[in-house]
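Structure record follows, encoded as structure tokens.
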Amino acid sequence: MPLPFLTADRTFEAADDVALPYDDRTRWRRPYRPGPWRVAVAALWLLLASYVLFAAVLIALTGSSSSATVILCIALAFIAVALRLLRMGVWVSARGVRQVAFLVTRTVPWKQVVSVRTAQQPVRWLGLPRTVQGQALTFVRKDRAAGDTAPLLTTHDLDFLGRASAFDRAADAVEAWAAEYRQG
């Protein structure tokens with residue numbers, strides 16, 4: 001079963017001469033692949049879900065269907081968490097930029113974006129409260145002050161930790177989308 005949110009548009013990495021390779025401009029796409037840390041965490045959640053599913057089968061075989069149903073629901077929740085972890089990140093299309101967090105998804109139309117730039121600043125390490133010095137892709141909205149928005153991408157999140165060149169490619173791709181559609 002193909003999981004389209006796992007694979008980034010390989011056209012972003014394959015085409016060096018074209019700034020914005022795409023087939024369908026209205027389709028939401030992630031301009032980078034999920035990082036190994038994000039995939040590893042999701043795989044651990046799926047591994048835990050497999051154990052819980054096995055426990056649900058064993059409980060169902062012993063005859064307690066209500067307990068098996070509860071355990072099955074817990075396993076489905078683990079699977080939902082793993083899939084949401086894989087879905088998190090920045091997505092772009094002709095309509096705007098979408099930042100998918102674990103519980104919240106924010107979409108900003110390109111016409112509300114004033115600027116998108118990469119800046120050296122303190123960033124959160126793996127989304128935790130601890131901050132380290134790193135790079136962040138930030139954007140300024142028309143309806144907010146410059147420092148009010150959270151960074152779109154950082155060099156120390158689950159997708160780019162230890163992958164500085166992947167961060168640079170993703171930041172360049174998002175900046176190229178912003179440059180094309182902010183003017184349009």
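Just remember, in the structure tokens the first chain shown is A, the second B, etc., residues are 1-based per chain, and ligands are 1-based in the order shown.
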
task = Could you tell me, as number ranges by chain, which residues of chain A DSSP assigns to helix (DSSP H, G or I) when given the backbone?
result = A: 10-14, 36-62, 65-87, 110-112, 164-183

query = Can you tell me, as a PyMOL selection string, what residues are no more than 8 Å from A:Arg95 when counting only C-alpha atoms, ignoring any on the same chain fewer than 4 positions away?
reply = chain A and resi 26+109-110

Quick one: write out the picked residues with N, CA and C atoms as a PDB file, in the first residue's frame?
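So selection30.pdb came out as:
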ATOM      1  N   THR A  26      -1.828  22.850  -7.615  1.00  0.00           N
ATOM      2  CA  THR A  26      -2.799  22.962  -6.532  1.00  0.00           C
ATOM      3  C   THR A  26      -2.684  21.836  -5.513  1.00  0.00           C
ATOM      4  N   PRO A 109      -2.307  31.675   3.189  1.00  0.00           N
ATOM      5  CA  PRO A 109      -2.265  31.933   1.742  1.00  0.00           C
ATOM      6  C   PRO A 109      -1.029  32.765   1.388  1.00  0.00           C
ATOM      7  N   TRP A 110      -0.530  32.558   0.183  1.00  0.00           N
ATOM      8  CA  TRP A 110       0.665  33.281  -0.242  1.00  0.00           C
ATOM      9  C   TRP A 110       0.450  34.788  -0.238  1.00  0.00           C
TER      10      TRP A 110
END

note = Here atom CA of A:Ser50 and atom CA of A:Val81 stand apart by 13.3 Å

task = Write down as a ChimeraX atom specification the residues of stretch 12-128 of chain A whose backbone DSSP state falls under strand (DSSP E or B).
result = /A:29,89-93,96-100,105-109,113-124

Would you mind exporting N, CA and C atoms of the selected residues as a PDB file, in the first residue's frame?
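Okay, this is what ended up in selection.pdb:
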ATOM      1  N   ARG A  29       2.143  19.497  -1.339  1.00  0.00           N
ATOM      2  CA  ARG A  29       3.318  18.634  -1.399  1.00  0.00           C
ATOM      3  C   ARG A  29       4.338  19.083  -0.364  1.00  0.00           C
ATOM      4  N   GLY A  89       4.904  18.516   9.310  1.00  0.00           N
ATOM      5  CA  GLY A  89       5.913  19.215   8.530  1.00  0.00           C
ATOM      6  C   GLY A  89       5.321  20.386   7.778  1.00  0.00           C
ATOM      7  N   VAL A  90       6.053  20.854   6.799  1.00  0.00           N
ATOM      8  CA  VAL A  90       5.636  21.994   5.977  1.00  0.00           C
ATOM      9  C   VAL A  90       5.231  21.482   4.603  1.00  0.00           C
ATOM     10  N   TRP A  91       4.084  21.936   4.135  1.00  0.00           N
ATOM     11  CA  TRP A  91       3.550  21.560   2.838  1.00  0.00           C
ATOM     12  C   TRP A  91       3.305  22.837   2.046  1.00  0.00           C
ATOM     13  N   VAL A  92       3.537  22.800   0.747  1.00  0.00           N
ATOM     14  CA  VAL A  92       3.336  23.977  -0.098  1.00  0.00           C
ATOM     15  C   VAL A  92       2.449  23.617  -1.283  1.00  0.00           C
ATOM     16  N   SER A  93       1.758  24.619  -1.780  1.00  0.00           N
ATOM     17  CA  SER A  93       0.997  24.492  -3.015  1.00  0.00           C
ATOM     18  C   SER A  93       0.809  25.903  -3.552  1.00  0.00           C
ATOM     19  N   GLY A  96      -0.874  28.274  -0.899  1.00  0.00           N
ATOM     20  CA  GLY A  96      -0.172  28.830   0.248  1.00  0.00           C
ATOM     21  C   GLY A  96       0.788  27.845   0.866  1.00  0.00           C
ATOM     22  N   VAL A  97       1.146  28.130   2.095  1.00  0.00           N
ATOM     23  CA  VAL A  97       2.042  27.267   2.858  1.00  0.00           C
ATOM     24  C   VAL A  97       1.253  26.728   4.045  1.00  0.00           C
ATOM     25  N   ARG A  98       1.424  25.445   4.317  1.00  0.00           N
ATOM     26  CA  ARG A  98       0.682  24.776   5.382  1.00  0.00           C
ATOM     27  C   ARG A  98       1.695  24.170   6.345  1.00  0.00           C
ATOM     28  N   GLN A  99       1.543  24.506   7.622  1.00  0.00           N
ATOM     29  CA  GLN A  99       2.396  23.949   8.657  1.00  0.00           C
ATOM     30  C   GLN A  99       1.560  22.970   9.471  1.00  0.00           C
ATOM     31  N   VAL A 100       1.891  21.697   9.363  1.00  0.00           N
ATOM     32  CA  VAL A 100       1.149  20.638  10.045  1.00  0.00           C
ATOM     33  C   VAL A 100       1.903  20.267  11.313  1.00  0.00           C
ATOM     34  N   THR A 105      -3.140  22.336  12.449  1.00  0.00           N
ATOM     35  CA  THR A 105      -2.659  22.605  11.099  1.00  0.00           C
ATOM     36  C   THR A 105      -2.987  24.057  10.768  1.00  0.00           C
ATOM     37  N   ARG A 106      -1.955  24.797  10.353  1.00  0.00           N
ATOM     38  CA  ARG A 106      -2.149  26.206   9.990  1.00  0.00           C
ATOM     39  C   ARG A 106      -1.837  26.373   8.516  1.00  0.00           C
ATOM     40  N   THR A 107      -2.742  27.032   7.815  1.00  0.00           N
ATOM     41  CA  THR A 107      -2.543  27.323   6.399  1.00  0.00           C
ATOM     42  C   THR A 107      -2.542  28.834   6.214  1.00  0.00           C
ATOM     43  N   VAL A 108      -1.513  29.325   5.540  1.00  0.00           N
ATOM     44  CA  VAL A 108      -1.399  30.753   5.270  1.00  0.00           C
ATOM     45  C   VAL A 108      -1.364  30.928   3.756  1.00  0.00           C
ATOM     46  N   PRO A 109      -2.307  31.675   3.189  1.00  0.00           N
ATOM     47  CA  PRO A 109      -2.265  31.933   1.742  1.00  0.00           C
ATOM     48  C   PRO A 109      -1.029  32.765   1.388  1.00  0.00           C
ATOM     49  N   VAL A 113       1.630  36.379   2.927  1.00  0.00           N
ATOM     50  CA  VAL A 113       3.040  36.236   3.287  1.00  0.00           C
ATOM     51  C   VAL A 113       3.817  37.424   2.727  1.00  0.00           C
ATOM     52  N   VAL A 114       4.514  38.140   3.608  1.00  0.00           N
ATOM     53  CA  VAL A 114       5.316  39.288   3.184  1.00  0.00           C
ATOM     54  C   VAL A 114       6.699  38.828   2.739  1.00  0.00           C
ATOM     55  N   SER A 115       7.341  37.991   3.559  1.00  0.00           N
ATOM     56  CA  SER A 115       8.677  37.507   3.207  1.00  0.00           C
ATOM     57  C   SER A 115       8.915  36.131   3.820  1.00  0.00           C
ATOM     58  N   VAL A 116       9.768  35.379   3.170  1.00  0.00           N
ATOM     59  CA  VAL A 116      10.222  34.074   3.660  1.00  0.00           C
ATOM     60  C   VAL A 116      11.733  34.104   3.582  1.00  0.00           C
ATOM     61  N   ARG A 117      12.390  33.835   4.724  1.00  0.00           N
ATOM     62  CA  ARG A 117      13.851  33.900   4.724  1.00  0.00           C
ATOM     63  C   ARG A 117      14.428  32.933   5.749  1.00  0.00           C
ATOM     64  N   THR A 118      15.689  32.611   5.551  1.00  0.00           N
ATOM     65  CA  THR A 118      16.428  31.766   6.479  1.00  0.00           C
ATOM     66  C   THR A 118      17.217  32.665   7.410  1.00  0.00           C
ATOM     67  N   ALA A 119      17.140  32.399   8.702  1.00  0.00           N
ATOM     68  CA  ALA A 119      17.830  33.231   9.683  1.00  0.00           C
ATOM     69  C   ALA A 119      18.554  32.358  10.697  1.00  0.00           C
ATOM     70  N   GLN A 120      19.702  32.858  11.171  1.00  0.00           N
ATOM     71  CA  GLN A 120      20.439  32.207  12.247  1.00  0.00           C
ATOM     72  C   GLN A 120      19.833  32.705  13.553  1.00  0.00           C
ATOM     73  N   GLN A 121      19.318  31.794  14.382  1.00  0.00           N
ATOM     74  CA  GLN A 121      18.652  32.188  15.620  1.00  0.00           C
ATOM     75  C   GLN A 121      18.580  30.997  16.558  1.00  0.00           C
ATOM     76  N   PRO A 122      18.249  31.236  17.824  1.00  0.00           N
ATOM     77  CA  PRO A 122      18.025  30.097  18.733  1.00  0.00           C
ATOM     78  C   PRO A 122      16.772  29.330  18.299  1.00  0.00           C
ATOM     79  N   VAL A 123      16.899  28.018  18.189  1.00  0.00           N
ATOM     80  CA  VAL A 123      15.787  27.171  17.766  1.00  0.00           C
ATOM     81  C   VAL A 123      15.597  26.069  18.804  1.00  0.00           C
ATOM     82  N   ARG A 124      14.393  25.522  18.847  1.00  0.00           N
ATOM     83  CA  ARG A 124      14.097  24.439  19.779  1.00  0.00           C
ATOM     84  C   ARG A 124      14.703  23.141  19.262  1.00  0.00           C
TER      85      ARG A 124
END

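For A:Gln135, the set of protein, DNA and RNA residues having any atom at most 12 Å away, when counting only C-alpha atoms and skipping those fewer than 3 positions along the same chain, is Arg117, Thr118, Ala119, Gln120, Gln121, Pro122, Val123, Arg124, Trp125, Thr131, Val132, Thr138, Pro151, Leu152, Leu153, Thr154, Thr155, His156, Asp157, Phe160, Leu161, Arg163, Ala164, Ser165, Phe167, Asp168 and Ala171 of chain A.
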
request  = Using atom CA of A:Leu58 and atom CA of A:Ile71 as the two end points, give the distance in Å to one decimal.
outcome  = 10.4 Å
